[in-house]
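File shown here: upload31.txt, holding compact mmCIF, C-alpha atoms and all ligand atoms.
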# COMPACT_ATOMS: atom_id res chain seq x y z
CA MET A 1 -120.77 -17.70 -46.19
CA THR A 2 -123.24 -19.91 -48.10
CA VAL A 3 -124.44 -19.20 -51.62
CA THR A 4 -128.13 -19.78 -52.46
CA PHE A 5 -129.86 -18.94 -55.70
CA GLU A 6 -132.32 -20.17 -58.29
CA HIS A 7 -131.29 -19.75 -61.91
CA VAL A 8 -133.09 -20.64 -65.15
CA THR A 9 -131.12 -21.16 -68.38
CA LEU A 10 -133.17 -20.86 -71.57
CA GLY A 11 -132.60 -23.56 -74.19
CA GLN A 12 -131.63 -22.51 -77.68
CA ARG A 13 -128.99 -23.39 -80.25
CA VAL A 14 -126.41 -20.71 -81.00
CA LEU A 15 -124.29 -20.84 -84.15
CA PHE A 16 -121.58 -18.18 -84.29
CA GLY A 17 -119.22 -17.59 -87.18
CA ALA A 18 -118.30 -14.80 -89.60
CA GLY A 19 -119.24 -15.62 -93.19
CA LYS A 20 -121.09 -18.77 -92.14
CA ALA A 21 -124.69 -17.54 -91.81
CA ALA A 22 -126.00 -18.96 -95.12
CA ALA A 23 -124.54 -22.43 -94.42
CA HIS A 24 -125.75 -22.36 -90.83
CA LEU A 25 -129.25 -21.29 -91.90
CA SER A 26 -129.53 -24.02 -94.51
CA ALA A 27 -128.37 -26.64 -91.99
CA GLU A 28 -130.79 -25.39 -89.31
CA VAL A 29 -133.79 -25.34 -91.68
CA GLY A 30 -132.90 -28.93 -92.64
CA ARG A 31 -132.44 -29.99 -89.01
CA LEU A 32 -135.86 -28.59 -88.10
CA GLY A 33 -137.45 -30.29 -91.13
CA ALA A 34 -139.19 -27.08 -92.22
CA GLY A 35 -140.75 -26.92 -95.69
CA ARG A 36 -142.65 -23.62 -95.68
CA VAL A 37 -140.38 -20.83 -94.56
CA MET A 38 -141.34 -17.18 -94.04
CA VAL A 39 -138.40 -14.74 -94.03
CA ILE A 40 -138.92 -11.41 -92.30
CA ALA A 41 -136.45 -8.61 -93.02
CA GLY A 42 -136.94 -4.83 -92.96
CA SER A 43 -135.86 -2.69 -95.90
CA SER A 44 -132.36 -1.95 -94.48
CA GLU A 45 -131.68 -5.65 -94.05
CA ALA A 46 -133.15 -6.68 -97.44
CA PRO A 47 -129.77 -6.57 -99.23
CA LEU A 48 -128.46 -9.24 -96.84
CA VAL A 49 -131.28 -11.67 -97.47
CA GLU A 50 -130.64 -12.88 -101.02
CA LYS A 51 -127.22 -14.38 -100.23
CA LEU A 52 -128.30 -15.56 -96.80
CA CYS A 53 -131.31 -17.49 -98.12
CA ALA A 54 -129.65 -18.89 -101.26
CA GLY A 55 -129.63 -22.42 -99.81
CA ILE A 56 -133.24 -22.60 -98.57
CA ASP A 57 -136.70 -22.59 -100.15
CA VAL A 58 -138.67 -19.53 -99.08
CA VAL A 59 -142.46 -19.41 -99.40
CA LEU A 60 -142.92 -15.82 -98.21
CA TYR A 61 -140.61 -12.80 -97.94
CA TYR A 62 -142.12 -10.25 -95.58
CA ASN A 63 -140.82 -6.69 -94.98
CA ASP A 64 -143.59 -4.76 -93.18
CA VAL A 65 -141.48 -4.15 -90.06
CA ALA A 66 -141.83 -1.15 -87.71
CA PRO A 67 -140.18 -0.17 -84.41
CA HIS A 68 -141.77 -1.42 -81.18
CA VAL A 69 -144.08 -3.87 -83.07
CA PRO A 70 -147.42 -2.05 -83.51
CA VAL A 71 -150.32 -4.46 -82.83
CA GLY A 72 -151.84 -3.87 -86.29
CA LYS A 73 -148.60 -4.93 -87.99
CA ALA A 74 -148.38 -8.02 -85.78
CA GLU A 75 -151.89 -9.06 -86.74
CA LYS A 76 -151.16 -8.59 -90.46
CA ALA A 77 -147.98 -10.67 -90.20
CA ARG A 78 -149.78 -13.46 -88.29
CA ALA A 79 -152.51 -13.54 -90.94
CA ALA A 80 -149.88 -13.75 -93.71
CA ALA A 81 -148.11 -16.64 -91.95
CA LEU A 82 -151.38 -18.54 -91.54
CA ALA A 83 -152.53 -17.83 -95.12
CA HIS A 84 -149.27 -19.29 -96.50
CA GLY A 85 -149.23 -22.35 -94.24
CA ILE A 86 -145.84 -21.32 -92.81
CA ASP A 87 -144.02 -23.82 -90.58
CA LEU A 88 -140.88 -21.81 -89.73
CA VAL A 89 -140.18 -18.08 -89.35
CA VAL A 90 -136.69 -16.76 -90.11
CA CYS A 91 -136.07 -13.16 -89.00
CA VAL A 92 -133.11 -11.18 -90.29
CA GLY A 93 -132.53 -7.82 -88.65
CA GLY A 94 -132.55 -5.90 -85.40
CA GLY A 95 -134.89 -6.04 -82.45
CA SER A 96 -137.84 -4.68 -84.44
CA THR A 97 -137.65 -7.57 -86.92
CA THR A 98 -137.11 -10.17 -84.22
CA GLY A 99 -140.00 -8.58 -82.33
CA LEU A 100 -142.35 -9.11 -85.28
CA ALA A 101 -141.29 -12.77 -85.54
CA LYS A 102 -141.96 -13.13 -81.80
CA ALA A 103 -145.43 -11.59 -82.22
CA ILE A 104 -146.21 -14.29 -84.80
CA ALA A 105 -144.83 -17.06 -82.57
CA LEU A 106 -146.81 -15.78 -79.57
CA THR A 107 -150.15 -16.74 -81.10
CA THR A 108 -149.15 -19.41 -83.65
CA HIS A 109 -146.37 -21.17 -81.69
CA LEU A 110 -144.34 -21.33 -84.92
CA PRO A 111 -140.59 -21.85 -84.37
CA ILE A 112 -138.18 -18.98 -85.10
CA ILE A 113 -134.63 -18.93 -86.40
CA ALA A 114 -133.18 -15.49 -85.63
CA VAL A 115 -130.35 -13.93 -87.61
CA PRO A 116 -129.54 -10.72 -85.70
CA THR A 117 -127.92 -7.72 -87.40
CA THR A 118 -127.79 -5.33 -84.42
CA TYR A 119 -126.76 -5.73 -80.78
CA ALA A 120 -130.31 -5.43 -79.35
CA GLY A 121 -130.30 -9.03 -78.12
CA SER A 122 -134.01 -9.82 -78.46
CA GLU A 123 -133.06 -13.14 -80.11
CA ALA A 124 -131.82 -14.58 -76.81
CA THR A 125 -134.84 -13.69 -74.67
CA ASN A 126 -138.32 -15.12 -74.19
CA VAL A 127 -139.71 -11.57 -73.85
CA TRP A 128 -142.18 -10.23 -76.42
CA GLY A 129 -143.33 -6.62 -76.85
CA LEU A 130 -146.30 -5.03 -78.63
CA THR A 131 -147.33 -1.39 -78.87
CA GLU A 132 -150.89 -0.11 -79.05
CA ALA A 133 -152.15 3.44 -78.53
CA SER A 134 -148.71 4.66 -77.37
CA ARG A 135 -148.41 2.01 -74.65
CA LYS A 136 -145.93 -0.79 -74.91
CA THR A 137 -146.93 -4.11 -73.41
CA THR A 138 -144.34 -6.79 -72.78
CA GLY A 139 -144.69 -10.34 -71.59
CA VAL A 140 -142.74 -13.54 -71.15
CA ASP A 141 -143.58 -16.68 -73.10
CA ASP A 142 -141.19 -19.48 -74.00
CA HIS A 143 -142.92 -19.90 -77.39
CA VAL A 144 -141.30 -16.65 -78.58
CA LEU A 145 -137.74 -17.74 -77.78
CA PRO A 146 -136.03 -18.46 -81.11
CA VAL A 147 -135.07 -22.13 -81.34
CA SER A 148 -131.84 -21.19 -83.07
CA VAL A 149 -129.76 -18.03 -83.32
CA ILE A 150 -127.28 -17.52 -86.14
CA TYR A 151 -124.64 -14.86 -85.48
CA ASP A 152 -122.49 -13.69 -88.36
CA ALA A 153 -120.48 -10.52 -87.77
CA GLU A 154 -120.27 -9.90 -91.53
CA LEU A 155 -124.02 -9.16 -91.50
CA THR A 156 -123.39 -6.30 -89.07
CA LEU A 157 -120.77 -4.53 -91.21
CA SER A 158 -123.48 -2.42 -92.88
CA LEU A 159 -124.86 -1.17 -89.57
CA PRO A 160 -123.77 2.52 -89.53
CA ALA A 161 -121.22 3.49 -86.85
CA GLY A 162 -123.67 5.72 -84.95
CA LEU A 163 -126.34 3.01 -84.81
CA SER A 164 -123.69 0.43 -83.87
CA VAL A 165 -122.58 2.55 -80.93
CA ALA A 166 -126.14 3.17 -79.72
CA SER A 167 -127.08 -0.50 -80.17
CA GLY A 168 -123.88 -1.63 -78.43
CA LEU A 169 -124.67 0.66 -75.49
CA ASN A 170 -128.15 -0.90 -75.40
CA ALA A 171 -126.40 -4.25 -74.95
CA LEU A 172 -124.14 -2.74 -72.29
CA ALA A 173 -127.29 -1.56 -70.53
CA HIS A 174 -128.57 -5.16 -70.43
CA CYS A 175 -125.35 -6.12 -68.66
CA ILE A 176 -125.29 -3.24 -66.18
CA ASP A 177 -128.99 -3.49 -65.30
CA SER A 178 -128.57 -7.27 -64.84
CA MET A 179 -126.25 -6.58 -61.92
CA TRP A 180 -129.20 -5.40 -59.76
CA ALA A 181 -132.30 -6.60 -61.62
CA PRO A 182 -134.96 -8.55 -59.65
CA ARG A 183 -133.52 -12.00 -60.44
CA ALA A 184 -129.82 -11.07 -60.43
CA ASP A 185 -127.76 -14.12 -59.44
CA PRO A 186 -124.09 -15.16 -59.65
CA ILE A 187 -124.55 -16.79 -63.06
CA ASN A 188 -126.25 -13.92 -64.87
CA GLN A 189 -123.87 -11.46 -63.15
CA ALA A 190 -120.88 -13.44 -64.48
CA LEU A 191 -122.38 -13.43 -67.99
CA ALA A 192 -123.04 -9.70 -67.66
CA ALA A 193 -119.48 -8.97 -66.56
CA GLU A 194 -118.04 -10.88 -69.54
CA GLY A 195 -120.53 -9.07 -71.79
CA ILE A 196 -119.30 -5.68 -70.51
CA ARG A 197 -115.68 -6.72 -71.15
CA ALA A 198 -116.43 -7.84 -74.72
CA LEU A 199 -118.54 -4.77 -75.60
CA ALA A 200 -116.06 -2.32 -74.08
CA GLY A 201 -113.35 -3.97 -76.20
CA GLY A 202 -115.31 -4.27 -79.45
CA LEU A 203 -117.24 -1.00 -79.69
CA PRO A 204 -114.21 1.36 -79.84
CA LEU A 205 -112.80 -0.76 -82.69
CA ILE A 206 -116.11 -0.37 -84.60
CA LYS A 207 -116.23 3.35 -83.89
CA HIS A 208 -112.70 3.68 -85.29
CA ASN A 209 -113.47 1.50 -88.31
CA PRO A 210 -117.01 0.16 -88.89
CA GLN A 211 -115.50 -2.56 -91.14
CA ASP A 212 -113.37 -3.99 -88.31
CA LEU A 213 -114.57 -7.60 -88.26
CA ALA A 214 -112.79 -8.49 -85.01
CA GLY A 215 -114.50 -5.56 -83.26
CA ARG A 216 -117.83 -6.61 -84.76
CA GLU A 217 -117.35 -10.18 -83.48
CA GLN A 218 -116.51 -8.97 -79.97
CA ALA A 219 -119.58 -6.73 -79.92
CA LEU A 220 -121.86 -9.50 -81.22
CA TYR A 221 -120.52 -11.97 -78.66
CA GLY A 222 -121.01 -9.35 -75.93
CA ALA A 223 -124.51 -8.60 -77.18
CA TYR A 224 -125.47 -12.28 -76.91
CA LEU A 225 -124.10 -12.53 -73.36
CA SER A 226 -125.88 -9.32 -72.43
CA ALA A 227 -129.20 -10.67 -73.65
CA VAL A 228 -128.80 -14.01 -71.87
CA ALA A 229 -127.97 -12.15 -68.65
CA PHE A 230 -130.96 -9.82 -69.12
CA ALA A 231 -133.38 -12.66 -69.92
CA SER A 232 -132.32 -14.39 -66.73
CA ALA A 233 -132.03 -11.38 -64.39
CA GLY A 234 -135.11 -9.47 -65.58
CA SER A 235 -135.70 -5.76 -66.07
CA GLY A 236 -134.09 -3.38 -63.61
CA MET A 237 -134.59 0.36 -63.12
CA HIS A 238 -132.84 1.28 -66.36
CA HIS A 239 -135.05 -0.92 -68.54
CA LYS A 240 -138.22 0.24 -66.84
CA ILE A 241 -137.33 3.86 -67.66
CA CYS A 242 -136.46 3.12 -71.30
CA HIS A 243 -139.48 0.88 -71.78
CA VAL A 244 -141.86 3.73 -70.84
CA LEU A 245 -139.96 6.31 -72.90
CA GLY A 246 -139.93 4.05 -75.97
CA GLY A 247 -143.58 3.03 -75.78
CA ALA A 248 -145.21 6.27 -74.63
CA TYR A 249 -143.12 8.79 -76.63
CA ASN A 250 -142.05 6.60 -79.56
CA MET A 251 -138.38 7.22 -78.82
CA PRO A 252 -135.69 5.24 -80.64
CA HIS A 253 -134.81 2.18 -78.58
CA ALA A 254 -131.02 2.02 -78.77
CA GLU A 255 -130.39 5.78 -78.46
CA THR A 256 -132.73 6.06 -75.46
CA HIS A 257 -130.82 3.28 -73.69
CA ALA A 258 -127.50 4.88 -74.60
CA VAL A 259 -128.53 8.22 -73.05
CA VAL A 260 -130.21 6.92 -69.89
CA LEU A 261 -127.60 4.31 -68.89
CA PRO A 262 -124.94 6.57 -67.31
CA HIS A 263 -127.60 8.31 -65.22
CA VAL A 264 -128.95 5.07 -63.78
CA LEU A 265 -125.44 3.77 -63.14
CA ALA A 266 -124.44 6.98 -61.32
CA TYR A 267 -127.69 6.84 -59.32
CA ASN A 268 -127.35 3.23 -58.21
CA ALA A 269 -123.58 2.77 -57.95
CA PRO A 270 -123.09 4.20 -54.43
CA PHE A 271 -125.75 1.78 -53.14
CA ALA A 272 -124.47 -1.28 -55.01
CA PRO A 273 -120.76 -1.47 -54.22
CA ASP A 274 -120.25 -5.07 -55.33
CA ALA A 275 -121.95 -4.43 -58.66
CA GLU A 276 -120.00 -1.19 -59.02
CA ARG A 277 -116.70 -3.02 -58.49
CA ARG A 278 -117.60 -5.73 -61.00
CA ILE A 279 -118.67 -3.21 -63.64
CA ALA A 280 -115.50 -1.17 -63.09
CA ALA A 281 -113.31 -4.29 -63.33
CA ALA A 282 -115.04 -5.37 -66.54
CA LEU A 283 -114.51 -1.90 -68.01
CA GLY A 284 -110.87 -2.05 -66.88
CA THR A 285 -111.18 1.05 -64.70
CA ALA A 286 -111.15 1.87 -60.99
CA ASP A 287 -114.57 3.52 -60.98
CA ALA A 288 -117.63 2.27 -62.91
CA VAL A 289 -119.23 5.69 -63.51
CA ALA A 290 -115.96 7.24 -64.71
CA GLY A 291 -115.21 4.12 -66.78
CA LEU A 292 -118.55 4.29 -68.57
CA GLU A 293 -118.08 8.02 -69.20
CA ALA A 294 -114.63 7.37 -70.68
CA LEU A 295 -116.05 4.68 -72.98
CA ARG A 296 -118.97 6.91 -73.99
CA SER A 297 -116.54 9.71 -74.79
CA VAL A 298 -114.43 7.45 -77.06
CA LEU A 299 -117.65 6.33 -78.76
CA ALA A 300 -119.10 9.86 -79.03
CA ALA A 301 -122.27 8.30 -77.59
CA PRO A 302 -125.70 9.97 -77.68
CA THR A 303 -126.04 12.31 -74.70
CA ALA A 304 -129.47 13.95 -74.50
CA LEU A 305 -133.07 12.71 -74.69
CA LYS A 306 -134.09 16.07 -76.19
CA ASP A 307 -132.10 15.09 -79.31
CA HIS A 308 -134.16 11.91 -79.71
CA GLY A 309 -137.71 13.16 -79.60
CA LEU A 310 -138.60 13.65 -75.93
CA ALA A 311 -140.49 16.86 -75.16
CA GLU A 312 -139.56 18.50 -71.85
CA ALA A 313 -143.27 18.88 -71.03
CA ALA A 314 -143.61 15.07 -71.06
CA ILE A 315 -141.23 14.54 -68.14
CA PRO A 316 -143.78 14.82 -65.26
CA GLN A 317 -146.08 12.30 -66.98
CA ALA A 318 -143.10 10.01 -67.68
CA VAL A 319 -142.23 10.09 -63.97
CA GLU A 320 -145.78 9.02 -63.10
CA LEU A 321 -145.64 6.15 -65.57
CA ILE A 322 -142.16 4.95 -64.60
CA LEU A 323 -142.21 5.22 -60.81
CA PRO A 324 -144.62 2.33 -60.08
CA ALA A 325 -142.62 0.08 -62.41
CA ILE A 326 -139.24 0.47 -60.64
CA PRO A 327 -138.49 -2.92 -59.05
CA GLY A 328 -138.41 -3.15 -55.28
CA SER A 329 -135.02 -4.84 -55.69
CA ASN A 330 -133.40 -1.63 -56.94
CA PRO A 331 -130.38 -1.03 -54.71
CA ARG A 332 -131.35 2.60 -54.10
CA PRO A 333 -134.90 3.71 -53.28
CA VAL A 334 -136.39 6.00 -55.94
CA SER A 335 -138.70 8.94 -55.23
CA ALA A 336 -140.67 10.94 -57.80
CA MET A 337 -138.37 13.90 -57.17
CA GLU A 338 -135.20 11.87 -57.73
CA LEU A 339 -136.61 10.26 -60.85
CA GLU A 340 -137.62 13.64 -62.26
CA HIS A 341 -134.13 14.96 -61.50
CA LEU A 342 -132.59 11.99 -63.32
CA LEU A 343 -134.87 12.39 -66.36
CA ARG A 344 -134.21 16.13 -66.57
CA ALA A 345 -130.45 15.49 -66.50
CA ALA A 346 -130.83 12.86 -69.24
CA TYR A 347 -133.09 15.24 -71.17
CA VAL A 348 -130.51 18.03 -71.36
CA GLY A 349 -127.49 15.70 -71.44
CA THR A 350 -125.76 16.70 -68.20
CA THR A 351 -122.82 14.40 -67.51
CA PRO A 352 -123.75 12.31 -64.48
CA ALA A 353 -121.58 13.14 -61.49
CA ALA A 354 -119.33 10.42 -60.09
CA PRO A 355 -120.87 9.13 -56.85
CA SER A 356 -120.20 11.43 -53.92
CA MET A 357 -122.42 9.71 -51.37
CA PRO A 358 -121.03 7.31 -48.78
CA ARG A 359 -121.10 3.77 -50.13
CA LYS A 360 -123.71 1.53 -48.59
CA GLU A 361 -123.40 -2.24 -48.46
CA SER A 362 -126.12 -3.90 -50.56
CA SER A 363 -127.30 -7.46 -50.81
CA HIS A 364 -128.49 -7.00 -54.40
CA ALA A 365 -125.11 -6.74 -56.05
P1 LIG B 1 -134.24 -1.90 -85.04
O1 LIG B 1 -134.45 -3.32 -85.23
O2 LIG B 1 -135.39 -0.98 -85.22
O3 LIG B 1 -133.02 -1.47 -85.98
C1 LIG B 1 -132.56 -0.12 -85.99
C2 LIG B 1 -132.30 0.33 -87.43
O4 LIG B 1 -131.16 -0.36 -87.92
C3 LIG B 1 -133.44 0.01 -88.38
O5 LIG B 1 -133.62 1.09 -89.25
C4 LIG B 1 -132.92 -1.21 -89.12
O6 LIG B 1 -133.50 -1.35 -90.40
C5 LIG B 1 -131.44 -0.90 -89.20
N1 LIG B 1 -130.56 -2.06 -89.36
C6 LIG B 1 -130.59 -3.21 -88.65
N2 LIG B 1 -129.59 -4.01 -89.03
C7 LIG B 1 -128.91 -3.36 -90.00
C8 LIG B 1 -127.74 -3.67 -90.74
N3 LIG B 1 -127.04 -4.79 -90.55
N4 LIG B 1 -127.32 -2.77 -91.65
C9 LIG B 1 -127.97 -1.59 -91.82
N5 LIG B 1 -129.05 -1.23 -91.12
C10 LIG B 1 -129.52 -2.12 -90.21
O7 LIG B 1 -133.65 -1.54 -83.60
P2 LIG B 1 -132.90 -2.41 -82.51
O8 LIG B 1 -132.23 -1.43 -81.64
O9 LIG B 1 -132.12 -3.50 -83.09
O10 LIG B 1 -134.09 -3.10 -81.71
C11 LIG B 1 -135.00 -2.32 -80.98
C12 LIG B 1 -136.30 -3.05 -80.74
O11 LIG B 1 -136.04 -4.33 -80.18
C13 LIG B 1 -137.20 -2.32 -79.75
O12 LIG B 1 -138.55 -2.41 -80.16
C14 LIG B 1 -136.99 -3.10 -78.46
O13 LIG B 1 -138.05 -2.98 -77.58
C15 LIG B 1 -136.77 -4.48 -78.97
N6 LIG B 1 -136.00 -5.32 -78.05
C16 LIG B 1 -136.63 -6.38 -77.50
C17 LIG B 1 -135.94 -7.20 -76.63
C18 LIG B 1 -136.63 -8.39 -76.06
O14 LIG B 1 -136.04 -9.13 -75.29
N7 LIG B 1 -137.87 -8.64 -76.41
C19 LIG B 1 -134.60 -6.96 -76.31
C20 LIG B 1 -133.99 -5.86 -76.91
C21 LIG B 1 -134.68 -5.05 -77.79

Mind converting the file's structure to structure tokens?
Ligand code: NAD
Amino acid sequence: MTVTFEHVTLGQRVLFGAGKAAAHLSAEVGRLGAGRVMVIAGSSEAPLVEKLCAGIDVVLYYNDVAPHVPVGKAEKARAAALAHGIDLVVCVGGGSTTGLAKAIALTTHLPIIAVPTTYAGSEATNVWGLTEASRKTTGVDDHVLPVSVIYDAELTLSLPAGLSVASGLNALAHCIDSMWAPRADPINQALAAEGIRALAGGLPLIKHNPQDLAGREQALYGAYLSAVAFASAGSGMHHKICHVLGGAYNMPHAETHAVVLPHVLAYNAPFAPDAERRIAAALGTADAVAGLEALRSVLAAPTALKDHGLAEAAIPQAVELILPAIPGSNPRPVSAMELEHLLRAAYVGTTPAAPSMPRKESSHA
């Protein structure tokens, strides 16, 4: 059998090391020759910034960060960067903070150094997102890809256990969706499988002890791999669902992913046997759906969309918004009825059943 694929690898510098972020940041700012640095960090991440930025000159500290990057906040941040003659943006925080830096880079083409403190993975993608009037728009532009990413697991120690679990499951969702996303290929599937292995190893350690640095490092490494896989493979069914729920109903990003993931896996698994086998192997179990459930149980993962702000009455409209966005590459066809069934199960928190349908060979896995 021959193997044919087209794969794009995005170029960025990755510096990984616990306790090394300040030194890495100072070296990167010097390497890029930047003289007018803007540092973006939300209020939760503010305590990390003083030590992190001790070795660099900062012209502007900026903290007006909000989930899903509202357009008004993006415009304010762009204006601030221009008014201060900024030549480099450093973002310290989760996907919301990275998202604001990307919004600036989208129109100004300023370079970004990202210092992630969650497992969202936005730092390793060239995808931007903006929200206006309850609709989230995303796009792809290489100008928003951070030129450098600095990973330091010590910066994630303050991320509460519950948020760590939800964010880690968001990263796991990047990996699982990458197995059948529109541009899935052997390279991004291999990255995704290694990401699943690392996250499934690291997250239980964090759940047991949020100060476990080895667990934090595994999760951060897995989160990076997950994002690289996702950037390359594109958005699959799972991300299309969560994207609509986040943008239209202002639902929390990580928790929404954490709840929806087992339902999409159970839905697709019988139609994607190769992907199912790879996910199961990476989780160290015989069955992917059961393996994910076992992991979610250890992590006490979020279970129901109703707990995270979705109103039951919104489900029919959500189905209408999501259905046209499901990629044609999805291993299993999706009807409005099936999608509504899936969303209702995720809404109440029903445990997805292990696949009972006959397995069908698929070329997407
Ligand atoms: P977030 O950035 O909103 O962070 C969640 C919460 O954790 C916030 O309250 C934040 O202040 C807090 N926090 C972050 N780091 C902390 C730390 N170390 N200690 C204590 N608290 C901390 O959420 P997120 O899940 O990281 O990112 C979600 C956003 O990222 C969404 O808007 C999503 O669309 C976007 N995203 C984009 C991409 C992309 O490729 N463009 C990929 C993934 C996520």

Please identify every polymer residue within 6 Å of ligand LIG 1 (chain B), using only C-alpha atoms and all ligand atoms, and present the set as a PDB file with C-alpha atoms, in the coordinates of the input.
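Once written, pocket19.pdb looks like this:
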ATOM      1  CA  GLY A  42    -136.940  -4.830 -92.960  1.00  0.00           C
ATOM      2  CA  SER A  44    -132.360  -1.950 -94.480  1.00  0.00           C
ATOM      3  CA  GLU A  45    -131.680  -5.650 -94.050  1.00  0.00           C
ATOM      4  CA  PRO A  67    -140.180  -0.170 -84.410  1.00  0.00           C
ATOM      5  CA  HIS A  68    -141.770  -1.420 -81.180  1.00  0.00           C
ATOM      6  CA  GLY A  93    -132.530  -7.820 -88.650  1.00  0.00           C
ATOM      7  CA  GLY A  94    -132.550  -5.900 -85.400  1.00  0.00           C
ATOM      8  CA  GLY A  95    -134.890  -6.040 -82.450  1.00  0.00           C
ATOM      9  CA  SER A  96    -137.840  -4.680 -84.440  1.00  0.00           C
ATOM     10  CA  THR A  97    -137.650  -7.570 -86.920  1.00  0.00           C
ATOM     11  CA  THR A 117    -127.920  -7.720 -87.400  1.00  0.00           C
ATOM     12  CA  THR A 118    -127.790  -5.330 -84.420  1.00  0.00           C
ATOM     13  CA  ALA A 120    -130.310  -5.430 -79.350  1.00  0.00           C
ATOM     14  CA  GLY A 121    -130.300  -9.030 -78.120  1.00  0.00           C
ATOM     15  CA  SER A 122    -134.010  -9.820 -78.460  1.00  0.00           C
ATOM     16  CA  THR A 125    -134.840 -13.690 -74.670  1.00  0.00           C
ATOM     17  CA  VAL A 127    -139.710 -11.570 -73.850  1.00  0.00           C
ATOM     18  CA  TRP A 128    -142.180 -10.230 -76.420  1.00  0.00           C
ATOM     19  CA  GLY A 129    -143.330  -6.620 -76.850  1.00  0.00           C
ATOM     20  CA  LEU A 155    -124.020  -9.160 -91.500  1.00  0.00           C
ATOM     21  CA  THR A 156    -123.390  -6.300 -89.070  1.00  0.00           C
ATOM     22  CA  SER A 158    -123.480  -2.420 -92.880  1.00  0.00           C
ATOM     23  CA  LEU A 159    -124.860  -1.170 -89.570  1.00  0.00           C
ATOM     24  CA  SER A 167    -127.080  -0.500 -80.170  1.00  0.00           C
ATOM     25  CA  HIS A 253    -134.810   2.180 -78.580  1.00  0.00           C
ATOM     26  CA  ALA A 254    -131.020   2.020 -78.770  1.00  0.00           C
TER      27      ALA A 254
END

Taking only C-alpha atoms into account, name the residue in A:Pro252, A:Pro111, A:Gly162, A:Gly234 that is nearest to Met179 in chain A.
A:Gly234

Residue neighbourhood range 217-228 of chain A, 6 Å, all atoms listed in the file, exclusion window fewer than 4 positions, as an NGL selection string
:A and (119 or 121 or 124 or 153 or 171 or 174-175 or 191-192 or 195 or 198-199 or 202)

When you count all atoms listed in the file, which of these residues is closest to Gly291 in chain A: A:Pro262, A:Pro316, A:Pro160, A:Pro327?
A:Pro262

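CA of Lys136 in chain A to CA of Ala266 in chain A spans 26.6 Å [interatomic distance, one decimal].
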
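Nearest residue to Ser148 in chain A among A:Ile56, A:Val244, A:Val29, A:Val3 is A:Val29, counting all atoms listed in the file.
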
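With distances restricted to all atoms listed in the file, A:Gly99 is the closest residue to Ala41 in chain A from A:Gly17, A:Gly236, A:Gly55, A:Gly99.
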